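Novice: Encoded as structure tokens, here's the structure I'll be asking about.
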Amino acid sequence: MPRPAAIALLLFCTMLWGFAFVVQKSAMESMGPLTFIGLRYLLGGIVILPVALFERRRQAVHLTRNNWLFIGLMSLAFFIGSWLQQVGLLTTTVTNGGFLTSLYVLFVPAIALLAFRTWPHPIVWVGMPMALIGIYYLNGGGLDRLNGGDLWIIISALFWACHVLMLGHIARTTGQPILISCISFLVAGALGLILAFMLETPSFYGVMNGWMEIAYAGIFSTAIAFTFQAVGQQYVPPANAAIILSSESLFAALGGALLLGERLPAVGYAGAALILVAILLVEIVPALNARRTPAPAA
């Protein structure tokens, strides 16, 4: 896949995820966090299961024991990140949720450097703090209103960072991004429902009241967006992908404004511009350098 097409896939993911913050928060009015993510991910996994099985038959790549262990750990990080984010949205705003989730932009290159000794392109170290500053100002230029929900989402960002790194690695290694995504959804959904019946009180009435939220999150934000992420990340370095994916906070803020009446302060628009500039920098500068670098002689 050409890199511009992969970038387009990742940007499309951020739009679906950004608006998903609105439905994730409204769903909490009728059900608990575990009930919601359990149903959401099971639905997402079932929707893409036929495509995943087709991919499996077409490529017939043998997954080793280490592959399965890696997928299991990635699915666990995916589940924990989702759970903590959903708990945080009980008490924080959609705009704050988008801002704080995007902190994984900071965590991804740091974890990649520490765990894999992978050095990103130098422009990433310019774009990363620029994106973080942009996200900070998108929130109004202050963190004095942070509450317990905000703290849970900050912790969830660590797990999202691990998920971004692990997903990119295993998708490139196996060449089966849709199958891997499907497995993660089904594992996270099963864990969510098991824990929901242990820690919450799921009800048919509550689920029916939130069926539209479950449908959007399960089909669009899960089956489509996370699968596109797995496909796109095969062709974009993890640190670059993290900065691109951080633009979901823009769509979270937009969704909060249009659907929940949350309004950006004037400085928030400057933050939005900084995020967009950071995304453009980390993609344009490496591409320009690659074009200027002569090919090695045969």
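Chains: A, B, ... in order of the structure tokens. Residues: from 1 per chain. Ligands: from 1, in order shown.
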Region 258-275 of chain A: which residues within 8 Å, counting only C-alpha atoms, same-chain residues fewer than 4 positions away excluded, as a ChimeraX atom specification?
Specialist: /A:22,95,130-141,246-247,250,253-254,279
Novice: So that I can see what lies close to Glu213 (chain A), please list as a PyMOL selection string the residues with an atom at most 10 Å from it, counting only C-alpha atoms and leaving out residues fewer than 4 positions away in the same chain.
Specialist: chain A and resi 20+22-28+36+40+207-209+217-218
Novice: Those selected residues, please, written with N, CA and C atoms and delivered as a short mmCIF file (atom, residue, chain, number, x, y, z; two decimals), in the first residue's frame.
Specialist:
```cif
data_model
loop_
_atom_site.label_atom_id
_atom_site.label_comp_id
_atom_site.auth_asym_id
_atom_site.auth_seq_id
_atom_site.Cartn_x
_atom_site.Cartn_y
_atom_site.Cartn_z
N ALA A 20 -16.46 8.78 18.48
CA ALA A 20 -16.85 7.69 19.37
C ALA A 20 -16.80 8.11 20.83
N VAL A 22 -18.08 10.62 22.11
CA VAL A 22 -19.42 11.10 22.45
C VAL A 22 -20.32 9.93 22.80
N VAL A 23 -20.34 8.88 21.96
CA VAL A 23 -21.22 7.75 22.24
C VAL A 23 -20.72 6.94 23.43
N GLN A 24 -19.40 6.89 23.62
CA GLN A 24 -18.87 6.18 24.79
C GLN A 24 -19.36 6.83 26.08
N LYS A 25 -19.40 8.15 26.10
CA LYS A 25 -19.84 8.84 27.31
C LYS A 25 -21.35 8.70 27.52
N SER A 26 -22.12 8.87 26.43
CA SER A 26 -23.57 8.78 26.57
C SER A 26 -24.02 7.37 26.92
N ALA A 27 -23.25 6.35 26.51
CA ALA A 27 -23.62 4.97 26.82
C ALA A 27 -23.59 4.71 28.32
N MET A 28 -22.75 5.46 29.04
CA MET A 28 -22.61 5.25 30.48
C MET A 28 -23.87 5.65 31.26
N PHE A 36 -20.41 -2.15 28.40
CA PHE A 36 -20.33 -1.46 27.11
C PHE A 36 -19.18 -1.99 26.26
N ARG A 40 -19.47 -4.01 22.81
CA ARG A 40 -18.88 -3.28 21.68
C ARG A 40 -17.86 -4.15 20.95
N VAL A 207 -29.12 -2.22 28.15
CA VAL A 207 -28.49 -2.48 26.85
C VAL A 207 -29.37 -1.94 25.72
N MET A 208 -30.69 -2.14 25.82
CA MET A 208 -31.59 -1.67 24.78
C MET A 208 -31.59 -0.14 24.70
N ASN A 209 -31.44 0.52 25.85
CA ASN A 209 -31.38 1.98 25.85
C ASN A 209 -30.11 2.50 25.17
N ALA A 217 -20.13 2.19 18.16
CA ALA A 217 -18.80 1.84 18.68
C ALA A 217 -18.35 0.47 18.18
N GLY A 218 -19.28 -0.48 18.06
CA GLY A 218 -18.91 -1.82 17.64
C GLY A 218 -18.57 -1.92 16.16
#
```
Novice: Considering only C-alpha atoms, can you say which of A:Tyr104, A:Phe79, A:Phe185, A:Tyr235 comes closest to Leu34 (chain A)?
Specialist: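 Closest to Leu34 (chain A) of all the choices is A:Phe79.
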Novice: Please determine, counting only C-alpha atoms, which residue among A:Phe220, A:Phe54, A:Phe99, A:Trp83 has the shortest atom-to-atom distance to Trp152 (chain A).
Specialist: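 Ranking A:Phe220, A:Phe54, A:Phe99, A:Trp83 by distance to Trp152 (chain A), first place goes to A:Trp83.
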Novice: Neighbours of region 231-234 of chain A within 10 Å (only C-alpha atoms; same-chain residues fewer than 2 positions away dropped), as an MDAnalysis selection string?
Specialist: chainID A and resid 1:11 13 164:165 167:173 175:178 181 225:229 236:238 240:242
Novice: With N, CA, C and O atoms retained, export the selected residues as a short mmCIF file (atom, residue, chain, number, x, y, z; two decimals), in the first residue's frame.
Specialist:
```cif
data_model
loop_
_atom_site.label_atom_id
_atom_site.label_comp_id
_atom_site.auth_asym_id
_atom_site.auth_seq_id
_atom_site.Cartn_x
_atom_site.Cartn_y
_atom_site.Cartn_z
N MET A 1 0.84 -1.20 0.00
CA MET A 1 0.00 0.00 0.00
C MET A 1 0.88 1.25 0.00
O MET A 1 1.82 1.32 0.79
N PRO A 2 0.61 2.25 -0.87
CA PRO A 2 1.38 3.49 -0.84
C PRO A 2 1.20 4.18 0.51
O PRO A 2 0.14 4.12 1.12
N ARG A 3 2.29 4.82 0.97
CA ARG A 3 2.23 5.45 2.28
C ARG A 3 1.13 6.51 2.40
O ARG A 3 0.46 6.58 3.44
N PRO A 4 0.88 7.35 1.38
CA PRO A 4 -0.23 8.31 1.51
C PRO A 4 -1.58 7.64 1.76
O PRO A 4 -2.40 8.15 2.51
N ALA A 5 -1.79 6.46 1.13
CA ALA A 5 -3.04 5.74 1.36
C ALA A 5 -3.11 5.23 2.81
O ALA A 5 -4.18 5.27 3.44
N ALA A 6 -1.98 4.76 3.33
CA ALA A 6 -1.94 4.30 4.72
C ALA A 6 -2.22 5.46 5.68
O ALA A 6 -2.94 5.29 6.68
N ILE A 7 -1.67 6.63 5.38
CA ILE A 7 -1.91 7.80 6.21
C ILE A 7 -3.39 8.19 6.18
O ILE A 7 -3.99 8.53 7.21
N ALA A 8 -3.99 8.10 4.98
CA ALA A 8 -5.42 8.40 4.85
C ALA A 8 -6.26 7.46 5.69
O ALA A 8 -7.24 7.87 6.33
N LEU A 9 -5.88 6.16 5.72
CA LEU A 9 -6.59 5.19 6.55
C LEU A 9 -6.51 5.57 8.03
O LEU A 9 -7.51 5.52 8.76
N LEU A 10 -5.31 5.96 8.47
CA LEU A 10 -5.12 6.31 9.88
C LEU A 10 -5.91 7.56 10.24
O LEU A 10 -6.50 7.65 11.32
N LEU A 11 -5.95 8.54 9.34
CA LEU A 11 -6.72 9.76 9.60
C LEU A 11 -8.21 9.46 9.66
O LEU A 11 -8.95 10.05 10.46
N CYS A 13 -9.46 6.67 10.68
CA CYS A 13 -9.63 6.06 12.00
C CYS A 13 -9.83 7.12 13.08
O CYS A 13 -10.69 6.98 13.95
N VAL A 164 -0.35 0.38 20.30
CA VAL A 164 0.09 0.91 19.00
C VAL A 164 1.39 0.25 18.56
O VAL A 164 1.54 -0.18 17.41
N LEU A 165 2.33 0.14 19.49
CA LEU A 165 3.62 -0.47 19.16
C LEU A 165 3.48 -1.96 18.83
O LEU A 165 4.02 -2.45 17.84
N LEU A 167 0.78 -3.69 17.96
CA LEU A 167 -0.04 -3.94 16.78
C LEU A 167 0.78 -3.72 15.50
O LEU A 167 0.71 -4.53 14.57
N GLY A 168 1.53 -2.62 15.46
CA GLY A 168 2.35 -2.37 14.28
C GLY A 168 3.35 -3.49 14.04
O GLY A 168 3.56 -3.92 12.90
N HIS A 169 3.96 -4.00 15.12
CA HIS A 169 4.96 -5.07 14.99
C HIS A 169 4.34 -6.37 14.52
O HIS A 169 4.82 -6.98 13.54
N ILE A 170 3.27 -6.81 15.16
CA ILE A 170 2.71 -8.12 14.83
C ILE A 170 2.01 -8.10 13.48
O ILE A 170 2.00 -9.10 12.75
N ALA A 171 1.44 -6.95 13.10
CA ALA A 171 0.80 -6.85 11.78
C ALA A 171 1.84 -6.97 10.67
O ALA A 171 1.62 -7.64 9.65
N ARG A 172 3.01 -6.33 10.87
CA ARG A 172 4.07 -6.44 9.86
C ARG A 172 4.69 -7.83 9.84
O ARG A 172 5.05 -8.36 8.79
N THR A 173 4.81 -8.46 11.02
CA THR A 173 5.44 -9.77 11.12
C THR A 173 4.61 -10.86 10.46
O THR A 173 5.14 -11.73 9.75
N GLY A 175 1.60 -10.28 8.57
CA GLY A 175 0.88 -9.90 7.36
C GLY A 175 -0.60 -10.20 7.42
O GLY A 175 -1.26 -10.29 6.39
N GLN A 176 -1.15 -10.35 8.65
CA GLN A 176 -2.57 -10.67 8.81
C GLN A 176 -3.21 -9.68 9.79
O GLN A 176 -3.68 -10.07 10.87
N PRO A 177 -3.27 -8.40 9.45
CA PRO A 177 -3.78 -7.40 10.38
C PRO A 177 -5.24 -7.57 10.75
O PRO A 177 -5.64 -7.30 11.89
N ILE A 178 -6.07 -8.03 9.80
CA ILE A 178 -7.50 -8.17 10.08
C ILE A 178 -7.75 -9.32 11.04
O ILE A 178 -8.54 -9.21 11.98
N SER A 181 -6.66 -8.19 14.50
CA SER A 181 -7.63 -7.27 15.07
C SER A 181 -8.86 -8.02 15.57
O SER A 181 -9.37 -7.76 16.65
N ALA A 225 -12.55 1.01 12.26
CA ALA A 225 -11.42 1.88 12.59
C ALA A 225 -10.19 1.09 13.05
O ALA A 225 -9.08 1.33 12.56
N PHE A 226 -10.35 0.16 13.98
CA PHE A 226 -9.18 -0.56 14.47
C PHE A 226 -8.59 -1.48 13.40
O PHE A 226 -7.38 -1.71 13.37
N THR A 227 -9.44 -1.99 12.51
CA THR A 227 -8.92 -2.81 11.42
C THR A 227 -8.12 -1.96 10.45
O THR A 227 -7.03 -2.36 10.00
N PHE A 228 -8.64 -0.78 10.11
CA PHE A 228 -7.90 0.13 9.25
C PHE A 228 -6.59 0.55 9.90
O PHE A 228 -5.57 0.73 9.23
N GLN A 229 -6.60 0.69 11.24
CA GLN A 229 -5.36 1.03 11.94
C GLN A 229 -4.34 -0.08 11.75
O GLN A 229 -3.16 0.19 11.47
N VAL A 236 3.49 2.64 8.11
CA VAL A 236 3.85 3.90 8.77
C VAL A 236 4.59 3.57 10.06
O VAL A 236 4.10 2.76 10.86
N PRO A 237 5.77 4.17 10.32
CA PRO A 237 6.50 3.90 11.56
C PRO A 237 5.65 4.21 12.80
O PRO A 237 4.82 5.13 12.76
N PRO A 238 5.83 3.46 13.90
CA PRO A 238 4.97 3.62 15.08
C PRO A 238 4.91 5.05 15.62
O PRO A 238 3.83 5.55 15.96
N ASN A 240 5.49 7.90 14.09
CA ASN A 240 4.75 8.73 13.15
C ASN A 240 3.26 8.44 13.22
O ASN A 240 2.43 9.35 13.19
N ALA A 241 2.93 7.14 13.31
CA ALA A 241 1.53 6.74 13.39
C ALA A 241 0.87 7.33 14.64
O ALA A 241 -0.28 7.78 14.60
N ALA A 242 1.60 7.33 15.75
CA ALA A 242 1.05 7.86 17.00
C ALA A 242 0.69 9.33 16.88
O ALA A 242 -0.35 9.77 17.38
#
```
Novice: Could you pull the residues within 9 Å of Gly148 (chain A), counting only C-alpha atoms, minus those fewer than 2 positions along the same chain, as a list in words?
Specialist: Gly88, Thr91, Thr92, Leu146, Asp150, Leu151, Trp152 and Ile153 of chain A
Novice: Which residues are near Phe159 (chain A)? Cut-off 7 Å, only C-alpha atoms, ignore same chain within fewer than 2 positions. Put them as an MDAnalysis selection string.
Specialist: chainID A and resid 77:78 80:81 156:157 161:163
Novice: Suppose we keep N, CA and C atoms; can you now write the selection as a compact mmCIF listing (two decimals), in the first residue's frame?
Specialist:
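Output file selection23.txt follows:
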```txt
# COMPACT_ATOMS: atom_id res chain seq x y z
N ALA A 77 -3.39 -5.58 26.69
CA ALA A 77 -3.14 -4.14 26.74
C ALA A 77 -4.30 -3.37 26.12
N PHE A 78 -4.84 -3.90 25.03
CA PHE A 78 -5.98 -3.29 24.35
C PHE A 78 -7.19 -3.24 25.28
N ILE A 80 -7.26 -3.44 28.69
CA ILE A 80 -7.04 -2.58 29.85
C ILE A 80 -7.13 -1.11 29.46
N GLY A 81 -6.52 -0.74 28.32
CA GLY A 81 -6.60 0.64 27.86
C GLY A 81 -8.04 1.06 27.63
N SER A 156 -4.60 5.00 31.04
CA SER A 156 -4.99 4.22 29.85
C SER A 156 -4.11 4.55 28.66
N ALA A 157 -3.62 5.79 28.59
CA ALA A 157 -2.77 6.19 27.46
C ALA A 157 -1.49 5.36 27.40
N ALA A 161 -0.44 3.20 24.14
CA ALA A 161 0.88 3.30 23.51
C ALA A 161 1.47 1.91 23.27
N CYS A 162 1.35 1.04 24.26
CA CYS A 162 1.83 -0.34 24.09
C CYS A 162 1.07 -1.03 22.96
N HIS A 163 -0.24 -0.78 22.88
CA HIS A 163 -1.04 -1.40 21.83
C HIS A 163 -0.61 -0.93 20.45
```
Novice: Val126 (chain A): which residues within 10 Å, counting only C-alpha atoms, same-chain residues fewer than 4 positions away excluded, as a PDB file with all heavy atoms, in the first residue's frame?
Specialist:
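Ended up saving to part33.pdb:
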```pdb
ATOM      1  N   HIS A 121      12.682   9.027  13.262  1.00  0.00           N
ATOM      2  CA  HIS A 121      13.267  10.138  12.519  1.00  0.00           C
ATOM      3  C   HIS A 121      13.350  11.352  13.447  1.00  0.00           C
ATOM      4  O   HIS A 121      12.435  11.600  14.249  1.00  0.00           O
ATOM      5  CB  HIS A 121      12.395  10.465  11.296  1.00  0.00           C
ATOM      6  CG  HIS A 121      13.018  11.448  10.356  1.00  0.00           C
ATOM      7  ND1 HIS A 121      13.036  12.804  10.610  1.00  0.00           N
ATOM      8  CD2 HIS A 121      13.643  11.274   9.160  1.00  0.00           C
ATOM      9  CE1 HIS A 121      13.644  13.426   9.616  1.00  0.00           C
ATOM     10  NE2 HIS A 121      14.026  12.520   8.723  1.00  0.00           N
ATOM     11  N   PRO A 122      14.443  12.139  13.394  1.00  0.00           N
ATOM     12  CA  PRO A 122      14.605  13.274  14.322  1.00  0.00           C
ATOM     13  C   PRO A 122      13.429  14.245  14.342  1.00  0.00           C
ATOM     14  O   PRO A 122      13.145  14.852  15.386  1.00  0.00           O
ATOM     15  CB  PRO A 122      15.879  13.962  13.800  1.00  0.00           C
ATOM     16  CG  PRO A 122      16.654  12.865  13.148  1.00  0.00           C
ATOM     17  CD  PRO A 122      15.636  11.960  12.536  1.00  0.00           C
ATOM     18  N   MET A 130       5.261  19.267  19.907  1.00  0.00           N
ATOM     19  CA  MET A 130       4.347  20.223  19.272  1.00  0.00           C
ATOM     20  C   MET A 130       2.910  19.711  19.350  1.00  0.00           C
ATOM     21  O   MET A 130       1.974  20.468  19.652  1.00  0.00           O
ATOM     22  CB  MET A 130       4.753  20.441  17.816  1.00  0.00           C
ATOM     23  CG  MET A 130       3.912  21.478  17.099  1.00  0.00           C
ATOM     24  SD  MET A 130       4.426  21.712  15.380  1.00  0.00           S
ATOM     25  CE  MET A 130       6.067  22.400  15.621  1.00  0.00           C
ATOM     26  N   ALA A 131       2.727  18.401  19.083  1.00  0.00           N
ATOM     27  CA  ALA A 131       1.391  17.821  19.175  1.00  0.00           C
ATOM     28  C   ALA A 131       0.871  17.870  20.608  1.00  0.00           C
ATOM     29  O   ALA A 131      -0.308  18.156  20.852  1.00  0.00           O
ATOM     30  CB  ALA A 131       1.415  16.376  18.671  1.00  0.00           C
ATOM     31  N   ALA A 278       1.998  19.511  13.328  1.00  0.00           N
ATOM     32  CA  ALA A 278       2.857  18.406  13.762  1.00  0.00           C
ATOM     33  C   ALA A 278       2.675  17.192  12.868  1.00  0.00           C
ATOM     34  O   ALA A 278       3.645  16.528  12.478  1.00  0.00           O
ATOM     35  CB  ALA A 278       2.547  18.047  15.216  1.00  0.00           C
ATOM     36  N   LEU A 281       4.377  17.854   9.553  1.00  0.00           N
ATOM     37  CA  LEU A 281       5.838  17.846   9.661  1.00  0.00           C
ATOM     38  C   LEU A 281       6.401  16.433   9.638  1.00  0.00           C
ATOM     39  O   LEU A 281       7.366  16.148   8.920  1.00  0.00           O
ATOM     40  CB  LEU A 281       6.275  18.554  10.944  1.00  0.00           C
ATOM     41  CG  LEU A 281       6.390  20.076  10.913  1.00  0.00           C
ATOM     42  CD1 LEU A 281       6.792  20.598  12.287  1.00  0.00           C
ATOM     43  CD2 LEU A 281       7.407  20.522   9.866  1.00  0.00           C
ATOM     44  N   VAL A 282       5.825  15.545  10.463  1.00  0.00           N
ATOM     45  CA  VAL A 282       6.411  14.213  10.586  1.00  0.00           C
ATOM     46  C   VAL A 282       6.209  13.378   9.331  1.00  0.00           C
ATOM     47  O   VAL A 282       6.863  12.344   9.163  1.00  0.00           O
ATOM     48  CB  VAL A 282       5.855  13.444  11.807  1.00  0.00           C
ATOM     49  CG1 VAL A 282       6.179  14.175  13.087  1.00  0.00           C
ATOM     50  CG2 VAL A 282       4.364  13.216  11.676  1.00  0.00           C
TER      51      VAL A 282
END
```
Novice: Step one, run DSSP on the backbone; step two, keep only residues of region 26-98 of chain A assigned to helix (DSSP H, G or I); then write them as a ChimeraX atom specification.
Specialist: /A:26-27,33-59,65-88,94-98
Novice: What's around Gly97 (chain A) at 9 Å? Count only C-alpha atoms, leave out sequence neighbours fewer than 4 positions away in its own chain, and write the answer as a list in words.
Specialist: Phe21, Gln85, Gly88, Leu89, Thr92, Thr93, Thr101, Ser102, Gly149, Asp150, Ile153, Ile154, Ser249 and Ala252 of chain A
Novice: Can you spit out the residues from that selection as an mmCIF file, in the first residue's frame, using all heavy atoms?
Specialist:
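Dumped everything to again_3.cif:
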```
data_model
loop_
_atom_site.group_PDB
_atom_site.id
_atom_site.type_symbol
_atom_site.label_atom_id
_atom_site.label_comp_id
_atom_site.auth_asym_id
_atom_site.auth_seq_id
_atom_site.Cartn_x
_atom_site.Cartn_y
_atom_site.Cartn_z
ATOM 1 N N PHE A 21 -15.982 9.109 21.180
ATOM 2 C CA PHE A 21 -15.936 9.577 22.563
ATOM 3 C C PHE A 21 -17.322 10.038 23.020
ATOM 4 O O PHE A 21 -17.690 9.878 24.186
ATOM 5 C CB PHE A 21 -14.930 10.718 22.721
ATOM 6 C CG PHE A 21 -13.512 10.266 22.892
ATOM 7 C CD1 PHE A 21 -12.645 10.224 21.815
ATOM 8 C CD2 PHE A 21 -13.041 9.879 24.133
ATOM 9 C CE1 PHE A 21 -11.329 9.807 21.967
ATOM 10 C CE2 PHE A 21 -11.725 9.452 24.304
ATOM 11 C CZ PHE A 21 -10.871 9.421 23.209
ATOM 12 N N GLN A 85 -10.072 3.842 29.949
ATOM 13 C CA GLN A 85 -10.603 5.012 29.239
ATOM 14 C C GLN A 85 -12.104 5.150 29.481
ATOM 15 O O GLN A 85 -12.606 6.253 29.732
ATOM 16 C CB GLN A 85 -10.335 4.883 27.745
ATOM 17 C CG GLN A 85 -10.821 6.068 26.916
ATOM 18 C CD GLN A 85 -10.769 5.786 25.435
ATOM 19 O OE1 GLN A 85 -11.543 4.984 24.919
ATOM 20 N NE2 GLN A 85 -9.851 6.432 24.740
ATOM 21 N N GLY A 88 -12.802 6.403 32.928
ATOM 22 C CA GLY A 88 -12.494 7.819 33.007
ATOM 23 C C GLY A 88 -13.584 8.696 32.441
ATOM 24 O O GLY A 88 -13.867 9.786 32.967
ATOM 25 N N LEU A 89 -14.233 8.234 31.374
ATOM 26 C CA LEU A 89 -15.284 9.032 30.732
ATOM 27 C C LEU A 89 -16.541 9.152 31.595
ATOM 28 O O LEU A 89 -17.428 9.959 31.286
ATOM 29 C CB LEU A 89 -15.646 8.438 29.375
ATOM 30 C CG LEU A 89 -14.625 8.680 28.262
ATOM 31 C CD1 LEU A 89 -14.986 7.880 27.013
ATOM 32 C CD2 LEU A 89 -14.519 10.162 27.931
ATOM 33 N N THR A 92 -15.178 12.609 33.341
ATOM 34 C CA THR A 92 -14.501 13.684 32.627
ATOM 35 C C THR A 92 -15.262 14.030 31.361
ATOM 36 O O THR A 92 -16.180 13.310 30.953
ATOM 37 C CB THR A 92 -13.045 13.317 32.293
ATOM 38 O OG1 THR A 92 -12.343 14.485 31.863
ATOM 39 C CG2 THR A 92 -12.980 12.274 31.181
ATOM 40 N N THR A 93 -14.891 15.114 30.718
ATOM 41 C CA THR A 93 -15.575 15.548 29.507
ATOM 42 C C THR A 93 -15.017 14.812 28.285
ATOM 43 O O THR A 93 -13.924 14.235 28.334
ATOM 44 C CB THR A 93 -15.390 17.068 29.282
ATOM 45 O OG1 THR A 93 -13.994 17.337 29.051
ATOM 46 C CG2 THR A 93 -15.871 17.860 30.482
ATOM 47 N N THR A 101 -6.192 10.960 26.218
ATOM 48 C CA THR A 101 -5.884 9.725 25.502
ATOM 49 C C THR A 101 -4.721 9.935 24.545
ATOM 50 O O THR A 101 -3.864 9.058 24.363
ATOM 51 C CB THR A 101 -7.118 9.224 24.730
ATOM 52 O OG1 THR A 101 -8.176 8.939 25.650
ATOM 53 C CG2 THR A 101 -6.792 7.960 23.941
ATOM 54 N N SER A 102 -4.663 11.126 23.947
ATOM 55 C CA SER A 102 -3.613 11.422 22.971
ATOM 56 C C SER A 102 -2.234 11.574 23.600
ATOM 57 O O SER A 102 -1.246 11.777 22.880
ATOM 58 C CB SER A 102 -3.974 12.677 22.179
ATOM 59 O OG SER A 102 -5.116 12.448 21.388
ATOM 60 N N GLY A 149 -11.376 10.887 36.927
ATOM 61 C CA GLY A 149 -11.583 10.321 35.603
ATOM 62 C C GLY A 149 -10.435 10.643 34.664
ATOM 63 O O GLY A 149 -10.016 9.808 33.859
ATOM 64 N N ASP A 150 -9.924 11.864 34.770
ATOM 65 C CA ASP A 150 -8.787 12.255 33.940
ATOM 66 C C ASP A 150 -7.572 11.382 34.238
ATOM 67 O O ASP A 150 -6.825 11.004 33.334
ATOM 68 C CB ASP A 150 -8.433 13.729 34.183
ATOM 69 C CG ASP A 150 -9.566 14.659 33.798
ATOM 70 O OD1 ASP A 150 -10.159 14.447 32.733
ATOM 71 O OD2 ASP A 150 -9.853 15.597 34.558
ATOM 72 N N ILE A 153 -7.749 8.038 32.533
ATOM 73 C CA ILE A 153 -7.486 8.123 31.095
ATOM 74 C C ILE A 153 -5.993 8.318 30.827
ATOM 75 O O ILE A 153 -5.452 7.796 29.852
ATOM 76 C CB ILE A 153 -8.335 9.242 30.458
ATOM 77 C CG1 ILE A 153 -9.813 8.859 30.531
ATOM 78 C CG2 ILE A 153 -7.916 9.471 29.008
ATOM 79 C CD1 ILE A 153 -10.754 9.818 29.858
ATOM 80 N N ILE A 154 -5.309 9.062 31.694
ATOM 81 C CA ILE A 154 -3.853 9.211 31.545
ATOM 82 C C ILE A 154 -3.178 7.843 31.641
ATOM 83 O O ILE A 154 -2.288 7.511 30.852
ATOM 84 C CB ILE A 154 -3.293 10.171 32.609
ATOM 85 C CG1 ILE A 154 -3.763 11.611 32.326
ATOM 86 C CG2 ILE A 154 -1.764 10.124 32.641
ATOM 87 C CD1 ILE A 154 -3.428 12.595 33.425
ATOM 88 N N SER A 249 -8.195 13.718 18.889
ATOM 89 C CA SER A 249 -8.650 14.705 19.868
ATOM 90 C C SER A 249 -9.377 15.866 19.197
ATOM 91 O O SER A 249 -10.280 16.475 19.786
ATOM 92 C CB SER A 249 -7.464 15.232 20.687
ATOM 93 O OG SER A 249 -6.511 15.849 19.845
ATOM 94 N N ALA A 252 -12.807 14.527 18.666
ATOM 95 C CA ALA A 252 -13.481 14.416 19.960
ATOM 96 C C ALA A 252 -14.001 15.781 20.393
ATOM 97 O O ALA A 252 -15.141 15.916 20.853
ATOM 98 C CB ALA A 252 -12.524 13.854 21.007
#
```
Novice: Distance CA of Leu113 (chain A)-CA of Leu158 (chain A), one decimal place?
Specialist: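 Atom-to-atom, CA of Leu113 (chain A) to CA of Leu158 (chain A), that is 14.6 Å.
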Novice: So, with only C-alpha atoms as the atoms that count, which of A:Asn289, A:Asn147, A:Thr35, A:Ser30 lies closest to Gly210 (chain A)?
Specialist: A:Ser30
Novice: Which value, in Å to one decimal, gives the distance between CA of Tyr205 (chain A) and CA of Gly44 (chain A)?
Specialist: 21.3 Å
